[in-house]
>>> print(open('structure-v8.txt').read())   # compact mmCIF, C-alpha atoms
# COMPACT_ATOMS: atom_id res chain seq x y z
CA MET A 1 -15.16 1.69 15.46
CA VAL A 2 -15.29 2.95 11.88
CA THR A 3 -18.73 4.24 10.97
CA ASN A 4 -20.36 4.33 7.58
CA GLU A 5 -20.25 8.11 7.72
CA GLU A 6 -16.44 7.96 7.71
CA ARG A 7 -16.28 5.95 4.50
CA PRO A 8 -15.85 7.86 1.24
CA PRO A 9 -19.11 7.65 -0.72
CA GLU A 10 -19.27 5.61 -3.91
CA ASP A 11 -19.95 8.70 -6.04
CA ALA A 12 -16.73 10.35 -4.79
CA ARG A 13 -14.59 7.40 -5.82
CA ALA A 14 -16.52 7.07 -9.06
CA THR A 15 -15.82 10.71 -9.88
CA VAL A 16 -12.08 10.23 -9.37
CA LYS A 17 -12.06 7.07 -11.50
CA SER A 18 -14.13 8.81 -14.16
CA ARG A 19 -11.62 11.65 -14.39
CA ILE A 20 -8.68 9.29 -14.69
CA LYS A 21 -10.55 7.23 -17.25
CA GLN A 22 -11.29 10.35 -19.28
CA THR A 23 -7.57 11.19 -19.15
CA LEU A 24 -6.76 7.74 -20.48
CA GLY A 25 -9.24 8.05 -23.30
CA GLY A 26 -8.16 11.56 -24.18
CA LEU A 27 -4.56 10.43 -24.47
CA GLY A 28 -5.57 7.47 -26.60
CA PHE A 29 -4.39 4.87 -24.10
CA LEU A 30 -7.61 2.86 -24.15
CA LYS A 31 -7.63 2.32 -27.89
CA LYS A 32 -7.03 -1.17 -29.16
CA ALA A 33 -4.82 -0.30 -32.11
CA PRO A 34 -1.44 -2.06 -32.11
CA GLN A 35 1.58 -0.08 -31.04
CA PRO A 36 5.30 -0.73 -31.48
CA ALA A 37 6.83 -2.32 -28.42
CA PRO A 38 9.03 0.16 -26.55
CA LEU A 39 12.16 -0.82 -24.73
CA ARG A 40 11.83 -0.65 -20.98
CA SER A 41 14.40 -0.18 -18.26
CA ASN A 42 13.66 -2.92 -15.78
CA SER A 43 14.57 -3.14 -12.13
CA LEU A 44 17.63 -5.23 -12.94
CA GLY A 45 19.20 -2.31 -14.81
CA SER A 46 18.72 -3.59 -18.36
CA THR A 47 16.16 -3.18 -21.10
CA ALA A 48 13.65 -5.95 -21.60
CA ARG A 49 11.53 -7.09 -24.50
CA SER A 50 9.79 -10.42 -24.80
CA ASP A 51 11.10 -12.96 -27.28
CA ASP A 52 8.22 -12.43 -29.70
CA GLY A 53 9.00 -8.72 -30.00
CA GLN A 54 6.24 -7.46 -27.72
CA SER A 55 7.01 -5.35 -24.68
CA TRP A 56 6.18 -6.08 -21.06
CA ILE A 57 2.99 -4.08 -21.47
CA GLY A 58 1.10 -6.95 -23.04
CA ARG A 59 0.80 -9.63 -25.66
CA ASN A 60 -2.06 -8.42 -27.79
CA PRO A 61 -3.19 -5.02 -29.10
CA LYS A 62 -5.68 -4.59 -26.29
CA GLN A 63 -2.89 -4.84 -23.74
CA GLN A 64 -0.36 -2.57 -25.44
CA ALA A 65 -1.72 0.69 -24.09
CA VAL A 66 -0.06 2.28 -21.10
CA ALA A 67 -2.24 4.20 -18.68
CA LEU A 68 -1.70 7.73 -17.44
CA GLY A 69 1.08 9.18 -19.52
CA GLY A 70 2.59 6.20 -21.29
CA MET A 71 5.96 4.58 -20.96
CA SER A 72 9.01 6.61 -20.14
CA HIS A 73 12.58 5.41 -20.52
CA HIS A 74 14.15 5.86 -17.10
CA ASN A 75 17.59 4.40 -16.53
CA SER A 76 18.22 5.31 -12.91
CA SER A 77 18.58 2.42 -10.49
CA ILE A 78 18.44 4.62 -7.39
CA VAL A 79 15.18 4.62 -5.46
CA SER A 80 14.41 8.09 -4.15
CA ASP A 81 11.25 9.96 -3.30
CA ASP A 82 13.03 13.11 -4.38
CA ASP A 83 13.41 11.82 -7.94
CA ALA A 84 9.68 12.14 -8.34
CA ASP A 85 9.28 15.25 -6.21
CA ASN A 86 11.63 17.38 -8.32
CA SER A 87 9.88 16.88 -11.64
CA THR A 88 7.76 19.66 -13.11
CA SER A 89 4.58 17.59 -12.84
CA SER A 90 5.33 16.80 -9.19
CA LEU A 91 5.89 20.47 -8.38
CA GLN A 92 2.56 21.27 -10.00
CA ARG A 93 0.94 18.47 -8.01
CA LYS A 94 2.50 19.84 -4.84
CA ASN A 95 1.05 23.29 -5.51
CA ARG A 96 -2.38 21.81 -6.14
CA LEU A 97 -2.20 19.76 -2.95
CA THR A 98 -1.24 22.85 -0.98
CA GLN A 99 -4.42 24.51 -2.20
CA TYR A 100 -6.54 21.51 -1.20
CA LEU A 101 -4.90 21.13 2.21
CA GLU A 102 -5.45 24.79 3.05
CA CYS A 103 -9.16 24.67 2.21
CA ASP A 104 -11.48 25.22 5.16
CA SER A 105 -13.36 22.05 4.32
CA LEU A 106 -12.62 18.92 2.35
CA ALA A 107 -15.83 17.07 3.12
CA LEU A 108 -15.68 13.70 1.44
CA GLY A 109 -18.60 14.46 -0.81
CA ASP A 110 -17.49 17.79 -2.22
CA THR A 111 -15.40 18.71 -5.23
CA ASN A 112 -12.28 19.58 -3.26
CA SER A 113 -12.07 16.07 -1.78
CA ASP A 114 -12.48 14.45 -5.18
CA GLY A 115 -9.70 16.68 -6.46
CA LEU A 116 -7.48 15.78 -3.51
CA ARG A 117 -7.89 12.07 -4.17
CA SER A 118 -7.30 12.57 -7.88
CA VAL A 119 -4.03 14.43 -7.29
CA CYS A 120 -2.84 12.05 -4.57
CA TRP A 121 -3.58 9.00 -6.73
CA ASN A 122 -0.50 9.71 -8.84
CA GLY A 123 1.80 10.02 -5.82
CA ILE A 124 2.13 12.47 -2.95
CA PRO A 125 5.19 14.70 -2.39
CA VAL A 126 6.95 13.32 0.66
CA ASP A 127 6.59 16.42 2.83
CA GLN A 128 2.82 16.46 2.23
CA ARG A 129 2.31 12.72 2.61
CA PRO A 130 1.63 12.62 6.39
CA GLN A 131 -1.10 15.25 6.16
CA CYS A 132 -2.61 13.67 3.05
CA TRP A 133 -2.60 10.18 4.54
CA ARG A 134 -4.45 11.43 7.61
CA LEU A 135 -7.06 12.99 5.35
CA LEU A 136 -7.35 10.00 3.04
CA CYS A 137 -7.81 7.69 6.04
CA GLY A 138 -10.59 9.92 7.37
CA TYR A 139 -8.57 10.55 10.52
CA LEU A 140 -7.64 14.19 10.02
CA PRO A 141 -10.75 16.40 10.26
CA THR A 142 -11.68 17.96 6.96
CA SER A 143 -12.30 21.33 8.53
CA SER A 144 -9.05 23.13 9.22
CA GLU A 145 -10.70 24.92 12.14
CA ARG A 146 -11.48 21.62 13.87
CA ARG A 147 -8.21 19.81 13.26
CA ASP A 148 -6.31 20.71 16.41
CA CYS A 149 -9.27 20.02 18.66
CA ASP A 150 -10.25 16.74 16.99
CA LEU A 151 -6.68 15.46 16.78
CA GLN A 152 -6.24 16.13 20.48
CA ARG A 153 -9.47 14.26 21.21
CA LYS A 154 -8.57 11.22 19.08
CA ARG A 155 -5.07 11.03 20.50
CA GLN A 156 -6.47 11.15 24.00
CA GLU A 157 -8.97 8.45 23.09
CA TYR A 158 -6.15 6.18 21.95
CA LYS A 159 -4.21 6.92 25.14
CA GLU A 160 -7.24 5.73 27.12
CA TYR A 161 -7.42 2.56 25.02
CA VAL A 162 -3.80 1.83 25.89
CA ALA A 163 -4.50 2.30 29.58
CA GLN A 164 -7.57 0.08 29.31
CA TYR A 165 -6.25 -2.78 27.20
CA PHE A 166 -2.48 -2.84 27.25
CA GLN A 167 -0.52 -4.50 30.01
CA LYS A 168 3.09 -5.63 29.80
CA GLU A 169 2.26 -8.78 31.76
CA PRO A 170 -1.44 -9.46 31.16
CA ARG A 171 -3.27 -10.88 34.12
CA GLY A 172 -6.72 -12.31 34.15
CA GLU A 173 -6.87 -12.35 30.36
CA ASN A 174 -8.89 -15.09 28.75
CA GLN A 175 -6.80 -17.77 27.09
CA TRP A 176 -7.64 -16.57 23.58
CA MET A 177 -6.49 -12.99 24.15
CA SER A 178 -3.44 -14.11 26.08
CA SER A 179 -2.46 -16.21 23.06
CA ASP A 180 -2.94 -13.20 20.80
CA ILE A 181 -0.67 -11.07 22.95
CA LYS A 182 2.01 -13.74 22.98
CA LEU A 183 1.86 -13.86 19.19
CA VAL A 184 2.19 -10.07 19.00
CA LYS A 185 5.23 -10.16 21.27
CA LYS A 186 6.73 -12.83 19.04
CA ASP A 187 6.11 -10.95 15.79
CA VAL A 188 7.09 -7.41 16.79
CA PRO A 189 10.88 -8.10 16.89
CA ARG A 190 10.58 -9.73 13.46
CA THR A 191 9.22 -6.57 11.87
CA SER A 192 11.76 -5.34 9.30
CA PRO A 193 14.78 -6.70 11.18
CA ASP A 194 17.12 -5.14 8.60
CA ILE A 195 15.96 -1.58 9.39
CA PRO A 196 17.35 -0.28 12.72
CA PHE A 197 14.46 2.18 13.09
CA PHE A 198 11.99 -0.67 13.61
CA GLN A 199 14.33 -2.40 16.02
CA LEU A 200 14.44 0.51 18.44
CA PRO A 201 12.75 -0.47 21.74
CA VAL A 202 10.64 2.69 21.73
CA ILE A 203 9.29 1.89 18.24
CA GLN A 204 8.75 -1.78 19.03
CA ASN A 205 6.84 -0.83 22.18
CA ALA A 206 4.64 1.50 20.15
CA LEU A 207 4.02 -1.22 17.57
CA GLU A 208 3.15 -3.71 20.30
CA ARG A 209 0.63 -1.34 21.90
CA ILE A 210 -1.03 -0.60 18.55
CA LEU A 211 -1.44 -4.29 17.75
CA VAL A 212 -2.67 -5.28 21.21
CA VAL A 213 -5.21 -2.45 21.37
CA TRP A 214 -6.49 -3.27 17.89
CA ALA A 215 -6.83 -6.97 18.75
CA HIS A 216 -8.82 -6.17 21.89
CA ARG A 217 -11.17 -3.94 19.93
CA HIS A 218 -11.66 -6.52 17.16
CA PRO A 219 -12.17 -9.84 18.96
CA ALA A 220 -13.85 -11.45 15.93
CA SER A 221 -10.49 -11.74 14.24
CA GLY A 222 -8.00 -10.73 16.91
CA TYR A 223 -4.38 -10.52 15.91
CA VAL A 224 -3.29 -12.40 12.79
CA GLN A 225 0.32 -12.78 11.69
CA GLY A 226 1.17 -10.19 9.06
CA MET A 227 -0.81 -7.41 10.72
CA ASN A 228 2.39 -6.09 12.25
CA ASP A 229 3.73 -5.32 8.77
CA LEU A 230 0.77 -3.06 8.01
CA VAL A 231 1.56 -0.69 10.88
CA MET A 232 5.12 -0.18 9.67
CA PRO A 233 4.44 2.30 6.80
CA PHE A 234 2.37 4.54 9.09
CA LEU A 235 5.05 4.67 11.79
CA TYR A 236 7.61 5.49 9.11
CA VAL A 237 5.59 8.19 7.34
CA PHE A 238 4.47 9.97 10.49
CA SER A 239 7.98 9.83 11.97
CA ALA A 240 9.37 11.22 8.71
CA GLU A 241 7.32 14.33 9.36
CA PHE A 242 9.93 15.25 11.97
CA VAL A 243 13.04 13.22 11.09
CA ASP A 244 14.70 13.10 7.69
CA ARG A 245 13.75 9.95 5.78
CA SER A 246 17.36 9.07 5.02
CA VAL A 247 18.07 9.04 8.75
CA LEU A 248 15.09 6.80 9.51
CA LEU A 249 16.30 4.34 6.88
CA SER A 250 19.94 4.55 7.94
CA LYS A 251 21.75 1.32 8.79
CA ASP A 252 23.59 3.13 11.58
CA ALA A 253 21.57 2.22 14.67
CA ALA A 254 23.26 4.91 16.81
CA VAL A 255 22.33 7.67 14.35
CA VAL A 256 18.73 6.46 14.14
CA SER A 257 18.43 6.14 17.91
CA GLU A 258 19.72 9.67 18.48
CA ALA A 259 17.33 11.11 15.89
CA VAL A 260 14.29 9.34 17.34
CA ALA A 261 15.29 10.36 20.86
CA SER A 262 15.18 13.99 19.70
CA ILE A 263 11.45 13.66 18.97
CA GLU A 264 10.56 11.64 22.07
CA ALA A 265 7.82 14.08 23.07
CA LEU A 266 6.13 13.59 19.69
CA LEU A 267 6.19 9.79 19.69
CA PRO A 268 2.80 9.42 21.44
CA HIS A 269 1.22 11.49 18.65
CA ILE A 270 2.97 9.42 15.98
CA GLU A 271 1.76 6.24 17.67
CA ALA A 272 -1.85 7.44 17.99
CA ASP A 273 -1.98 8.68 14.39
CA SER A 274 -0.56 5.35 13.20
CA PHE A 275 -3.18 3.42 15.18
CA TRP A 276 -6.15 5.30 13.75
CA CYS A 277 -4.94 5.14 10.16
CA TYR A 278 -4.09 1.46 10.58
CA ASN A 279 -7.57 0.92 11.97
CA LYS A 280 -9.07 2.51 8.87
CA LEU A 281 -6.87 0.50 6.52
CA LEU A 282 -7.88 -2.80 8.10
CA SER A 283 -11.56 -1.88 7.93
CA HIS A 284 -11.28 -2.36 4.15
CA ILE A 285 -9.80 -5.87 4.41
CA GLN A 286 -11.55 -7.47 7.39
CA ASP A 287 -12.29 -10.52 5.26
CA HIS A 288 -8.55 -11.18 5.13
CA TYR A 289 -8.63 -12.13 8.79
CA THR A 290 -11.94 -13.88 9.42
CA ASP A 291 -12.24 -17.66 9.51
CA GLY A 292 -10.98 -19.19 6.28
CA GLN A 293 -9.69 -15.82 5.04
CA PRO A 294 -12.32 -15.59 2.26
CA GLY A 295 -11.08 -12.20 1.08
CA ILE A 296 -7.64 -13.52 0.23
CA GLN A 297 -8.99 -16.74 -1.26
CA SER A 298 -11.27 -14.86 -3.65
CA LYS A 299 -8.42 -12.56 -4.70
CA LEU A 300 -6.16 -15.52 -5.43
CA ALA A 301 -8.82 -17.02 -7.70
CA LYS A 302 -9.37 -13.70 -9.42
CA LEU A 303 -5.63 -13.20 -9.94
CA ASP A 304 -5.35 -16.59 -11.64
CA ALA A 305 -8.35 -15.92 -13.91
CA ILE A 306 -7.11 -12.51 -15.03
CA LEU A 307 -3.51 -13.58 -15.59
CA LYS A 308 -4.80 -16.38 -17.82
CA GLN A 309 -6.33 -13.74 -20.10
CA VAL A 310 -3.68 -11.04 -19.87
CA ASP A 311 -0.62 -13.25 -20.29
CA PRO A 312 -1.67 -16.77 -21.28
CA GLU A 313 1.90 -17.79 -22.11
CA LEU A 314 3.09 -16.95 -18.60
CA HIS A 315 0.01 -18.57 -17.06
CA VAL A 316 0.71 -21.85 -18.87
CA HIS A 317 4.39 -21.70 -17.94
CA LEU A 318 3.58 -21.22 -14.24
CA GLN A 319 1.11 -24.09 -14.38
CA ASN A 320 3.66 -26.34 -16.06
CA GLU A 321 6.22 -25.48 -13.38
CA GLN A 322 3.65 -26.16 -10.65
CA VAL A 323 3.74 -22.56 -9.45
CA PHE A 324 0.38 -21.41 -8.11
CA ALA A 325 -0.76 -18.00 -6.89
CA VAL A 326 -1.20 -19.13 -3.29
CA GLN A 327 2.54 -19.87 -3.10
CA PHE A 328 3.59 -16.27 -3.62
CA ALA A 329 0.59 -13.93 -3.84
CA PHE A 330 -0.92 -14.92 -0.48
CA ARG A 331 1.75 -12.81 1.22
CA TRP A 332 1.32 -10.03 -1.36
CA PHE A 333 -2.36 -9.77 -0.44
CA ASN A 334 -1.95 -10.36 3.28
CA CYS A 335 0.84 -7.80 3.78
CA LEU A 336 -0.09 -5.34 0.98
CA PHE A 337 3.39 -5.62 -0.59
CA VAL A 338 5.16 -4.44 2.57
CA ARG A 339 7.77 -7.18 2.19
CA GLU A 340 8.05 -6.81 -1.57
CA PHE A 341 9.03 -3.13 -1.89
CA PRO A 342 11.50 -0.85 -0.08
CA LEU A 343 9.73 1.80 1.97
CA PRO A 344 10.10 4.74 -0.48
CA LEU A 345 8.42 2.65 -3.20
CA LEU A 346 5.91 1.11 -0.82
CA THR A 347 4.66 4.47 0.44
CA ARG A 348 4.24 5.63 -3.16
CA LEU A 349 2.13 2.54 -3.86
CA TRP A 350 0.09 3.10 -0.72
CA ASP A 351 -0.63 6.68 -1.85
CA THR A 352 -2.76 5.14 -4.59
CA PHE A 353 -4.23 2.44 -2.37
CA LEU A 354 -5.39 4.98 0.23
CA CYS A 355 -6.96 7.11 -2.51
CA GLU A 356 -9.01 4.10 -3.57
CA GLY A 357 -10.63 3.77 -0.14
CA ASP A 358 -12.47 0.47 0.18
CA GLY A 359 -11.81 -0.12 -3.51
CA PHE A 360 -8.07 -0.65 -3.05
CA PRO A 361 -8.28 -4.43 -2.40
CA ASP A 362 -9.63 -4.86 -5.93
CA LEU A 363 -6.91 -2.68 -7.44
CA GLN A 364 -4.37 -4.78 -5.55
CA VAL A 365 -5.39 -7.84 -7.58
CA TYR A 366 -4.57 -5.99 -10.79
CA MET A 367 -1.33 -4.73 -9.27
CA CYS A 368 -0.31 -8.36 -8.82
CA VAL A 369 -1.14 -9.07 -12.47
CA ALA A 370 0.79 -6.01 -13.63
CA LEU A 371 3.85 -7.10 -11.65
CA LEU A 372 3.75 -10.61 -13.10
CA GLU A 373 3.38 -9.12 -16.57
CA ASN A 374 6.32 -6.82 -15.89
CA TRP A 375 8.55 -9.75 -14.93
CA SER A 376 7.14 -12.09 -17.57
CA PRO A 377 10.24 -12.05 -19.86
CA LEU A 378 12.34 -13.22 -16.91
CA LEU A 379 9.85 -15.72 -15.51
CA LEU A 380 9.35 -17.46 -18.85
CA LYS A 381 13.02 -18.49 -18.83
CA MET A 382 12.97 -19.85 -15.28
CA ASP A 383 12.23 -23.19 -13.65
CA PHE A 384 10.25 -23.72 -10.44
CA ALA A 385 13.05 -22.86 -8.01
CA GLU A 386 14.08 -19.74 -9.92
CA ILE A 387 10.49 -18.54 -10.26
CA MET A 388 9.80 -18.94 -6.56
CA GLY A 389 13.06 -17.18 -5.75
CA LEU A 390 12.08 -14.17 -7.83
CA LEU A 391 8.46 -13.96 -6.67
CA GLN A 392 9.26 -14.45 -3.00
CA CYS A 393 12.11 -11.93 -3.16
CA PRO A 394 11.18 -9.64 -6.09
CA PRO A 395 13.86 -7.51 -7.80
CA THR A 396 12.46 -4.21 -6.56
CA ALA A 397 15.41 -2.83 -4.56
CA GLY A 398 16.67 -0.82 -7.51
CA MET A 399 13.34 -0.16 -9.20
CA PRO A 400 13.03 3.50 -10.27
CA MET A 401 10.06 5.39 -8.85
CA ARG A 402 8.87 6.13 -12.36
CA GLU A 403 8.75 2.44 -13.26
CA LEU A 404 6.57 1.75 -10.24
CA GLY A 405 4.23 4.52 -11.38
CA GLU A 406 3.98 2.87 -14.78
CA ILE A 407 3.13 -0.49 -13.21
CA ILE A 408 0.44 1.11 -11.04
CA SER A 409 -0.99 2.78 -14.14
CA ARG A 410 -0.98 -0.57 -15.94
CA ALA A 411 -2.83 -2.13 -13.00
CA PHE A 412 -5.49 0.58 -13.22
CA GLN A 413 -5.84 0.06 -16.95
CA LEU A 414 -6.29 -3.69 -16.48
CA GLN A 415 -8.95 -2.94 -13.89
CA LEU A 416 -10.82 -0.81 -16.40
CA LEU A 417 -10.55 -3.50 -19.06
CA TYR A 418 -11.41 -6.57 -17.02
CA ASN A 419 -13.22 -5.63 -13.82
CA ASN A 420 -16.71 -5.85 -15.31
CA SER A 421 -15.88 -8.95 -17.30
CA CYS A 422 -17.04 -12.38 -16.26
CA LEU A 423 -13.39 -13.39 -16.67
CA SER A 424 -12.43 -11.51 -13.51
CA GLY A 425 -14.87 -13.34 -11.29
CA SER A 426 -16.37 -11.66 -8.27
CA ASP A 427 -14.99 -10.59 -4.93
>>> encode(input="structure-v8.txt", output="structure tokens")
Amino acid sequence: MVTNEERPPEDARATVKSRIKQTLGGLGFLKKAPQPAPLRSNSLGSTARSDDGQSWIGRNPKQQAVALGGMSHHNSSIVSDDDADNSTSSLQRKNRLTQYLECDSLALGDTNSDGLRSVCWNGIPVDQRPQCWRLLCGYLPTSSERRDCDLQRKRQEYKEYVAQYFQKEPRGENQWMSSDIKLVKKDVPRTSPDIPFFQLPVIQNALERILVVWAHRHPASGYVQGMNDLVMPFLYVFSAEFVDRSVLLSKDAAVVSEAVASIEALLPHIEADSFWCYNKLLSHIQDHYTDGQPGIQSKLAKLDAILKQVDPELHVHLQNEQVFAVQFAFRWFNCLFVREFPLPLLTRLWDTFLCEGDGFPDLQVYMCVALLENWSPLLLKMDFAEIMGLLQCPPTAGMPMRELGEIISRAFQLQLLYNNSCLSGSD
């Protein structure tokens, strides 16, 4: 059970946001003065500008600012974590993270923790991501002296949960839980069927145990379809600590199987770490899974209200084509973009989400708006069938890492501009 003590305090998150906001202001990105519309390399490999001469960034002076470093013309269509990791700024970020990770204490209320979240917000170097994610999820102890002992204790605790709750053929289960387990067994093989790593029996068994244990410990909601997707990034990131990422994402099932077999002794640790971080993630979005799913419903309404202000032309076009947020964004909210982005991009996006703590569901609404704004020049030329095709299968496979960073920055800027406005509604 996640306690209040494990949650990052409001003042810590406010400090991080304040620093980023100061950066925006210092760079002039929050000013309302008009700017010329830059060309942008989109994920389809071409430059895009809206028909009226304005860029994807917005359709009025207030929306033409780009947060956190401005637009950058990046023509690569190859998605790679290493593209970001080899830049000068990323090397500097890596050095700063090394300093934070080696501190004796990163208590959530102190300056070092605020600095860690601030650095991680802009993306975590791939070799430091597992350690940072454990810290950001409140799973890894902040004291370096306690880490080994506490990790051993938490991993043992999860092992006991498995022994207590998980049975291959449940007997004596009440009908409700038995139904949950059947649903888990049905969904696990469907998890990323195009990635051999997630089709390995040893990984599917781990995923099944995580979901069944979580459902037993949260009977108010139990297992809900889509939860399986949210475990996937954790299994991938913590496995990539020991196996090269390119191997984990290989389409050669034999190569993947051999690599995973080589770390068989470590798989229980990977599974336990994934469970605890998954548990923390879901603690922020419990209202996605309670009766009526009020969390998702409120986000859908908020998305519609904000899009109407940010891009009224697109909003009207979607309305005219009878395209409504629930038809595409429900899955975006429910699965946190797991099905919309390839894993290298998804884990970069989740770096920011995990830094936000229990504030990430709100940022996710603005991420949806920023994505729609990004694809607006394409969507405005499409009919219903074409729009649904794009939004249900977004053109993200070739999106450069830098472009994703720009969209995340735009989402944060929109949050600053609209979150306290009556236009954005309430959660």
>>> residues_around(input="structure-v8.txt", residues="segment 322-328 of chain A", least_positions_apart="4", cutoff="8 Å", atoms="all atoms listed in the file", output="ChimeraX atom specification")
/A:300,303-304,318,332,384,387-388,391-392
>>> atom_distance(input="structure-v8.txt", atom1="atom CA of Ser409 of chain A", atom2="atom CA of Val316 of chain A")
25.1 Å
>>> residues_around(input="structure-v8.txt", residues="Phe341 of chain A", least_positions_apart="4", cutoff="6 Å", atoms="all atoms listed in the file", output="VMD selection string")
chain A and resid 345 to 346 396
>>> axis_aligned_box(input="structure-v8.txt", around="segment 288-297 of chain A", padding_each_side="6 Å", output="JSON")
{"center_x": -10.0, "center_y": -15.2, "center_z": 4.1, "size_x": 16.7, "size_y": 20.0, "size_z": 22.8}
>>> atom_distance(input="structure-v8.txt", atom1="atom CA of Glu160 of chain A", atom2="atom CA of Trp276 of chain A")
13.4 Å
>>> residues_around(input="structure-v8.txt", residues="Trp133 of chain A", least_positions_apart="6", cutoff="8 Å", atoms="all atoms listed in the file", output="compact mmCIF listing (two decimals) with C-alpha atoms, in the frame of the given file")
# COMPACT_ATOMS: atom_id res chain seq x y z
CA CYS A 277 -4.94 5.14 10.16
CA ASP A 351 -0.63 6.68 -1.85
CA LEU A 354 -5.39 4.98 0.23
>>> atom_distance(input="structure-v8.txt", atom1="atom CA of Leu307 of chain A", atom2="atom CA of Arg348 of chain A")
24.2 Å
>>> residues_around(input="structure-v8.txt", residues="Gln152 of chain A", least_positions_apart="6", cutoff="12 Å", atoms="only C-alpha atoms", output="PDB file with C-alpha atoms, in the frame of the given file")
ATOM      1  CA  TYR A 139      -8.570  10.550  10.520  1.00  0.00           C
ATOM      2  CA  LEU A 140      -7.640  14.190  10.020  1.00  0.00           C
ATOM      3  CA  PRO A 141     -10.750  16.400  10.260  1.00  0.00           C
ATOM      4  CA  ARG A 146     -11.480  21.620  13.870  1.00  0.00           C
ATOM      5  CA  TYR A 158      -6.150   6.180  21.950  1.00  0.00           C
ATOM      6  CA  LYS A 159      -4.210   6.920  25.140  1.00  0.00           C
ATOM      7  CA  PRO A 268       2.800   9.420  21.440  1.00  0.00           C
ATOM      8  CA  HIS A 269       1.220  11.490  18.650  1.00  0.00           C
ATOM      9  CA  ALA A 272      -1.850   7.440  17.990  1.00  0.00           C
ATOM     10  CA  ASP A 273      -1.980   8.680  14.390  1.00  0.00           C
TER      11      ASP A 273
END
>>> closest_residue(input="structure-v8.txt", among="A:Glu356, A:Ile408, A:Val237, A:Pro294", to="Asp114 of chain A", atoms="all atoms listed in the file")
A:Glu356
>>> closest_residue(input="structure-v8.txt", among="A:Leu101, A:Met367, A:Met382, A:Cys393", to="Ala411 of chain A", atoms="all atoms listed in the file")
A:Met367
>>> closest_residue(input="structure-v8.txt", among="A:Leu200, A:Pro125, A:Gln225, A:Leu343", to="Thr98 of chain A", atoms="all atoms listed in the file")
A:Pro125
>>> closest_residue(input="structure-v8.txt", among="A:Ile195, A:Val126, A:Val212, A:Cys137", to="Pro342 of chain A", atoms="all atoms listed in the file")
A:Ile195
>>> closest_residue(input="structure-v8.txt", among="A:Val119, A:Met227, A:Leu151, A:Ile270", to="Trp214 of chain A", atoms="all atoms listed in the file")
A:Met227
>>> closest_residue(input="structure-v8.txt", among="A:Ala240, A:Val260, A:Cys355, A:Ala163", to="Pro201 of chain A", atoms="only C-alpha atoms")
A:Val260
